[in-house]
file target.tsv (TSV, C-alpha atoms)
chain	number	residue	atom	x	y	z
A	223	MET	CA	-3.64	9.77	5.92
A	224	LEU	CA	-0.06	8.80	5.12
A	225	LYS	CA	0.12	10.34	1.66
A	226	GLY	CA	2.47	13.31	1.82
A	227	ASP	CA	3.86	12.24	5.20
A	228	LEU	CA	5.17	8.71	4.56
A	229	TYR	CA	4.96	8.50	0.78
A	230	THR	CA	4.30	10.46	-2.39
A	231	LEU	CA	2.09	9.04	-5.10
A	232	GLU	CA	4.06	9.09	-8.34
A	233	ALA	CA	1.50	7.36	-10.57
A	234	LEU	CA	-1.87	5.62	-10.34
A	235	GLN	CA	-3.09	3.79	-13.40
A	236	ARG	CA	-6.45	2.15	-13.74
A	237	GLU	CA	-7.35	0.01	-16.71
A	238	ASP	CA	-10.92	-1.21	-16.26
A	239	LYS	CA	-10.67	-2.73	-12.76
A	240	ALA	CA	-6.94	-3.47	-12.69
A	241	CYS	CA	-4.96	-0.83	-10.81
A	242	SER	CA	-1.26	-0.18	-10.42
A	243	ALA	CA	0.24	2.50	-8.22
A	244	GLU	CA	3.83	3.69	-8.00
A	245	LEU	CA	4.94	5.58	-4.95
A	246	ALA	CA	8.11	6.85	-3.36
A	247	LEU	CA	8.69	6.48	0.36
A	248	ILE	CA	9.86	9.60	2.19
A	249	PRO	CA	13.00	8.60	4.15
A	250	GLN	CA	12.77	11.76	6.31
A	251	SER	CA	9.28	10.83	7.58
A	252	ARG	CA	8.86	11.03	11.36
A	253	ILE	CA	7.57	7.45	11.24
A	254	TYR	CA	11.02	6.19	10.23
A	255	ALA	CA	12.65	8.15	13.05
A	256	ALA	CA	10.84	5.85	15.49
A	257	HIS	CA	10.75	2.63	13.43
A	258	PHE	CA	13.73	2.05	13.76
A	259	PRO	CA	16.40	4.72	14.38
A	260	GLY	CA	19.41	4.10	12.15
A	261	LYS	CA	17.81	1.14	10.34
A	262	PRO	CA	14.32	2.23	9.30
A	263	ILE	CA	11.66	-0.12	7.94
A	264	THR	CA	8.08	0.62	6.97
A	265	PRO	CA	5.66	-0.56	9.68
A	266	GLY	CA	3.22	-3.23	8.55
A	267	VAL	CA	0.24	-1.18	9.65
A	268	CYS	CA	1.48	1.66	7.41
A	269	ILE	CA	1.71	-0.69	4.42
A	270	LEU	CA	-1.89	-1.74	5.11
A	271	GLN	CA	-3.03	1.90	5.36
A	272	MET	CA	-1.25	2.80	2.10
A	273	CYS	CA	-3.23	0.04	0.37
A	274	VAL	CA	-6.52	1.36	1.76
A	275	GLU	CA	-5.66	4.91	0.68
A	276	LEU	CA	-4.72	3.80	-2.85
A	277	ALA	CA	-7.92	1.78	-3.25
A	278	SER	CA	-9.92	4.81	-2.08
A	279	GLU	CA	-8.20	7.04	-4.61
A	280	ALA	CA	-8.60	4.54	-7.45
A	281	SER	CA	-12.29	3.95	-6.70
A	282	GLY	CA	-13.10	7.62	-6.16
A	283	ARG	CA	-14.75	7.00	-2.80
A	284	HIS	CA	-13.74	6.79	0.84
A	285	LEU	CA	-13.06	3.18	1.82
A	286	GLU	CA	-12.35	1.69	5.23
A	287	LEU	CA	-10.95	-1.64	6.30
A	288	SER	CA	-13.62	-4.08	7.44
A	289	GLU	CA	-11.60	-7.31	7.43
A	290	ALA	CA	-8.00	-8.41	7.04
A	291	ARG	CA	-8.07	-12.04	5.94
A	292	ASP	CA	-4.48	-12.82	5.05
A	293	ILE	CA	-1.48	-10.54	5.43
A	294	ARG	CA	2.06	-11.65	4.65
A	295	PHE	CA	5.06	-9.42	5.10
A	296	LEU	CA	7.77	-11.22	3.17
A	297	VAL	CA	10.70	-8.76	3.02
A	298	PRO	CA	11.14	-5.55	5.06
A	299	LEU	CA	10.22	-2.44	3.06
A	300	VAL	CA	13.00	0.09	3.60
A	301	PRO	CA	12.84	3.75	2.55
A	302	GLU	CA	15.63	3.76	-0.03
A	303	SER	CA	16.24	6.97	-1.93
A	304	GLY	CA	14.94	6.70	-5.48
A	305	ALA	CA	13.29	3.28	-5.03
A	306	ARG	CA	9.78	3.02	-6.48
A	307	VAL	CA	7.26	0.93	-4.58
A	308	LYS	CA	4.64	-0.69	-6.80
A	309	ILE	CA	1.25	-1.75	-5.47
A	310	ASP	CA	-1.00	-3.77	-7.78
A	311	PHE	CA	-4.65	-4.58	-7.08
A	312	THR	CA	-8.01	-5.14	-8.79
A	313	LEU	CA	-11.20	-3.33	-7.78
A	314	PRO	CA	-14.22	-5.66	-7.79
A	315	ASP	CA	-17.82	-4.48	-8.21
A	316	GLY	CA	-20.11	-3.81	-5.27
A	317	ASP	CA	-20.11	-2.04	-1.94
A	318	VAL	CA	-17.98	-4.60	-0.10
A	319	LEU	CA	-14.63	-4.99	-1.82
A	320	PRO	CA	-12.41	-8.02	-1.21
A	321	ILE	CA	-9.07	-6.94	-2.68
A	322	GLU	CA	-5.68	-8.60	-2.91
A	323	PHE	CA	-2.72	-6.21	-2.90
A	324	ILE	CA	0.81	-7.06	-4.04
A	325	VAL	CA	3.52	-4.69	-2.76
A	326	SER	CA	6.85	-4.88	-4.58
A	327	VAL	CA	10.04	-3.03	-5.38
A	328	ALA	CA	11.67	-4.03	-8.68
A	329	ASP	CA	11.35	-7.83	-8.81
A	330	THR	CA	11.03	-8.36	-5.06
A	331	VAL	CA	7.60	-8.89	-3.50
A	332	HIS	CA	7.58	-7.34	-0.04
A	333	ALA	CA	4.00	-7.99	1.04
A	334	LYS	CA	0.73	-9.63	0.03
A	335	LEU	CA	-2.48	-8.48	1.66
A	336	LYS	CA	-6.05	-9.77	1.28
A	337	LEU	CA	-8.31	-7.07	2.66
A	338	THR	CA	-12.01	-6.38	2.60
A	339	LEU	CA	-12.86	-2.69	2.26
A	340	GLN	CA	-16.19	-0.91	2.29
call {"tool": "encode", "arguments": {"input": "target.tsv", "output": "structure tokens"}}
result
Amino acid sequence: MLKGDLYTLEALQREDKACSAELALIPQSRIYAAHFPGKPITPGVCILQMCVELASEASGRHLELSEARDIRFLVPLVPESGARVKIDFTLPDGDVLPIEFIVSVADTVHAKLKLTLQ
């Protein structure tokens, strides 16, 4: 679990099935010390895990990744002080959840992920 170690969850809103999360990256995280010293960026696998954790929290049940269909990292996600990362997604019905996540800061989209969780 990366919550509390790599990021703090500032807000999670759910309106019907549409969800929007705001989080703050923790620049002092040990992950950034290794990736990369002096010029840290958020590892792609950590962005993926944050999405899984947020979907789990929004759905109220433990979800795991079963398939990653399309993942695009468009702009490096750096741990800037005070920057709010926004992750938008929609929870479908059923036990197997195909979900598209949009990860952005301000008006810049940093990643788009199409994941199947269950």
call {"tool": "closest_residue", "arguments": {"input": "target.tsv", "among": "A:Ile293, A:Val274, A:Leu299, A:Ala305", "to": "Ala246 (chain A)", "atoms": "only C-alpha atoms"}}
result
A:Ala305
call {"tool": "closest_residue", "arguments": {"input": "target.tsv", "among": "A:Leu339, A:Met223, A:Leu270, A:Leu245", "to": "Val327 (chain A)", "atoms": "all atoms listed in the file"}}
result
A:Leu245
call {"tool": "residues_around", "arguments": {"input": "target.tsv", "residues": "Pro320 (chain A)", "least_positions_apart": "6", "cutoff": "8 Å", "atoms": "all atoms listed in the file", "output": "MDAnalysis selection string"}}
result
chainID A and resid 314 336:339
call {"tool": "closest_residue", "arguments": {"input": "target.tsv", "among": "A:Leu224, A:Ala290, A:Ala256, A:Val307", "to": "Glu275 (chain A)", "atoms": "all atoms listed in the file"}}
result
A:Leu224
call {"tool": "atom_distance", "arguments": {"input": "target.tsv", "atom1": "CA of Asp227 (chain A)", "atom2": "CA of Glu279 (chain A)"}}
result
16.4 Å
call {"tool": "closest_residue", "arguments": {"input": "target.tsv", "among": "A:Ser278, A:Gln235, A:Ser242, A:Ser251", "to": "Phe323 (chain A)", "atoms": "all atoms listed in the file"}}
result
A:Ser242
call {"tool": "closest_residue", "arguments": {"input": "target.tsv", "among": "A:Val300, A:Arg306, A:Ala255, A:Gly316", "to": "Ala328 (chain A)", "atoms": "only C-alpha atoms"}}
result
A:Arg306
call {"tool": "atom_distance", "arguments": {"input": "target.tsv", "atom1": "CA of Asp310 (chain A)", "atom2": "CA of Pro249 (chain A)"}}
result
22.2 Å
call {"tool": "atom_distance", "arguments": {"input": "target.tsv", "atom1": "CA of Gln340 (chain A)", "atom2": "CA of His284 (chain A)"}}
result
8.2 Å
call {"tool": "closest_residue", "arguments": {"input": "target.tsv", "among": "A:Pro301, A:Tyr254, A:Val325, A:Arg236", "to": "Gly282 (chain A)", "atoms": "all atoms listed in the file"}}
result
A:Arg236
call {"tool": "residues_around", "arguments": {"input": "target.tsv", "residues": "Glu237 (chain A)", "least_positions_apart": "6", "cutoff": "12 Å", "atoms": "only C-alpha atoms", "output": "number ranges by chain"}}
result
A: 243, 280-281, 310-313
call {"tool": "build_atoms", "arguments": {"input": "target.tsv", "residues": "region 298-309 of chain A", "atoms": "all heavy atoms", "output": "mmCIF file, keeping the file's coordinate frame"}}
result
data_model
loop_
_atom_site.group_PDB
_atom_site.id
_atom_site.type_symbol
_atom_site.label_atom_id
_atom_site.label_comp_id
_atom_site.auth_asym_id
_atom_site.auth_seq_id
_atom_site.Cartn_x
_atom_site.Cartn_y
_atom_site.Cartn_z
ATOM 1 N N PRO A 298 11.314 -6.905 4.530
ATOM 2 C CA PRO A 298 11.140 -5.550 5.060
ATOM 3 C C PRO A 298 11.170 -4.504 3.933
ATOM 4 O O PRO A 298 11.968 -4.596 3.004
ATOM 5 C CB PRO A 298 12.314 -5.366 6.008
ATOM 6 C CG PRO A 298 12.687 -6.754 6.414
ATOM 7 C CD PRO A 298 12.419 -7.599 5.192
ATOM 8 N N LEU A 299 10.290 -3.533 4.032
ATOM 9 C CA LEU A 299 10.220 -2.440 3.060
ATOM 10 C C LEU A 299 10.966 -1.248 3.643
ATOM 11 O O LEU A 299 10.516 -0.628 4.602
ATOM 12 C CB LEU A 299 8.751 -2.093 2.784
ATOM 13 C CG LEU A 299 8.457 -1.068 1.700
ATOM 14 C CD1 LEU A 299 9.025 -1.504 0.353
ATOM 15 C CD2 LEU A 299 6.954 -0.849 1.585
ATOM 16 N N VAL A 300 12.152 -0.980 3.084
ATOM 17 C CA VAL A 300 13.000 0.090 3.600
ATOM 18 C C VAL A 300 12.882 1.325 2.712
ATOM 19 O O VAL A 300 12.679 1.208 1.501
ATOM 20 C CB VAL A 300 14.470 -0.351 3.727
ATOM 21 C CG1 VAL A 300 14.608 -1.486 4.722
ATOM 22 C CG2 VAL A 300 15.035 -0.765 2.397
ATOM 23 N N PRO A 301 12.998 2.505 3.312
ATOM 24 C CA PRO A 301 12.840 3.750 2.550
ATOM 25 C C PRO A 301 14.123 4.148 1.816
ATOM 26 O O PRO A 301 14.825 5.060 2.223
ATOM 27 C CB PRO A 301 12.483 4.770 3.632
ATOM 28 C CG PRO A 301 13.198 4.272 4.843
ATOM 29 C CD PRO A 301 13.147 2.768 4.741
ATOM 30 N N GLU A 302 14.428 3.458 0.748
ATOM 31 C CA GLU A 302 15.630 3.760 -0.030
ATOM 32 C C GLU A 302 15.379 4.937 -0.960
ATOM 33 O O GLU A 302 14.329 5.034 -1.583
ATOM 34 C CB GLU A 302 16.041 2.545 -0.862
ATOM 35 C CG GLU A 302 16.438 1.356 -0.025
ATOM 36 C CD GLU A 302 16.826 0.168 -0.883
ATOM 37 O OE1 GLU A 302 17.310 0.368 -2.009
ATOM 38 O OE2 GLU A 302 16.626 -0.960 -0.412
ATOM 39 N N SER A 303 16.348 5.805 -1.058
ATOM 40 C CA SER A 303 16.240 6.970 -1.930
ATOM 41 C C SER A 303 16.128 6.522 -3.388
ATOM 42 O O SER A 303 16.939 5.737 -3.871
ATOM 43 C CB SER A 303 17.457 7.857 -1.746
ATOM 44 O OG SER A 303 17.355 8.985 -2.573
ATOM 45 N N GLY A 304 15.121 6.988 -4.063
ATOM 46 C CA GLY A 304 14.940 6.700 -5.480
ATOM 47 C C GLY A 304 14.207 5.404 -5.781
ATOM 48 O O GLY A 304 13.834 5.158 -6.919
ATOM 49 N N ALA A 305 13.982 4.543 -4.785
ATOM 50 C CA ALA A 305 13.290 3.280 -5.030
ATOM 51 C C ALA A 305 11.791 3.532 -5.214
ATOM 52 O O ALA A 305 11.188 4.307 -4.480
ATOM 53 C CB ALA A 305 13.513 2.313 -3.869
ATOM 54 N N ARG A 306 11.218 2.907 -6.216
ATOM 55 C CA ARG A 306 9.780 3.020 -6.480
ATOM 56 C C ARG A 306 9.064 1.790 -5.952
ATOM 57 O O ARG A 306 9.404 0.664 -6.303
ATOM 58 C CB ARG A 306 9.523 3.128 -7.981
ATOM 59 C CG ARG A 306 9.987 4.414 -8.609
ATOM 60 C CD ARG A 306 8.935 5.506 -8.381
ATOM 61 N NE ARG A 306 9.336 6.748 -8.966
ATOM 62 C CZ ARG A 306 8.689 7.334 -9.960
ATOM 63 N NH1 ARG A 306 7.632 6.790 -10.488
ATOM 64 N NH2 ARG A 306 9.106 8.490 -10.417
ATOM 65 N N VAL A 307 8.089 2.011 -5.102
ATOM 66 C CA VAL A 307 7.260 0.930 -4.580
ATOM 67 C C VAL A 307 6.069 0.796 -5.520
ATOM 68 O O VAL A 307 5.435 1.795 -5.879
ATOM 69 C CB VAL A 307 6.779 1.241 -3.149
ATOM 70 C CG1 VAL A 307 5.870 0.145 -2.637
ATOM 71 C CG2 VAL A 307 7.970 1.450 -2.218
ATOM 72 N N LYS A 308 5.769 -0.429 -5.910
ATOM 73 C CA LYS A 308 4.640 -0.690 -6.800
ATOM 74 C C LYS A 308 3.599 -1.484 -6.032
ATOM 75 O O LYS A 308 3.938 -2.462 -5.357
ATOM 76 C CB LYS A 308 5.109 -1.464 -8.028
ATOM 77 C CG LYS A 308 4.029 -1.682 -9.046
ATOM 78 C CD LYS A 308 4.585 -2.375 -10.280
ATOM 79 C CE LYS A 308 3.475 -2.604 -11.292
ATOM 80 N NZ LYS A 308 3.919 -3.462 -12.394
ATOM 81 N N ILE A 309 2.351 -1.043 -6.117
ATOM 82 C CA ILE A 309 1.250 -1.750 -5.470
ATOM 83 C C ILE A 309 0.211 -2.038 -6.538
ATOM 84 O O ILE A 309 -0.349 -1.124 -7.141
ATOM 85 C CB ILE A 309 0.658 -0.950 -4.295
ATOM 86 C CG1 ILE A 309 1.742 -0.670 -3.249
ATOM 87 C CG2 ILE A 309 -0.521 -1.704 -3.681
ATOM 88 C CD1 ILE A 309 1.289 0.122 -2.041
#
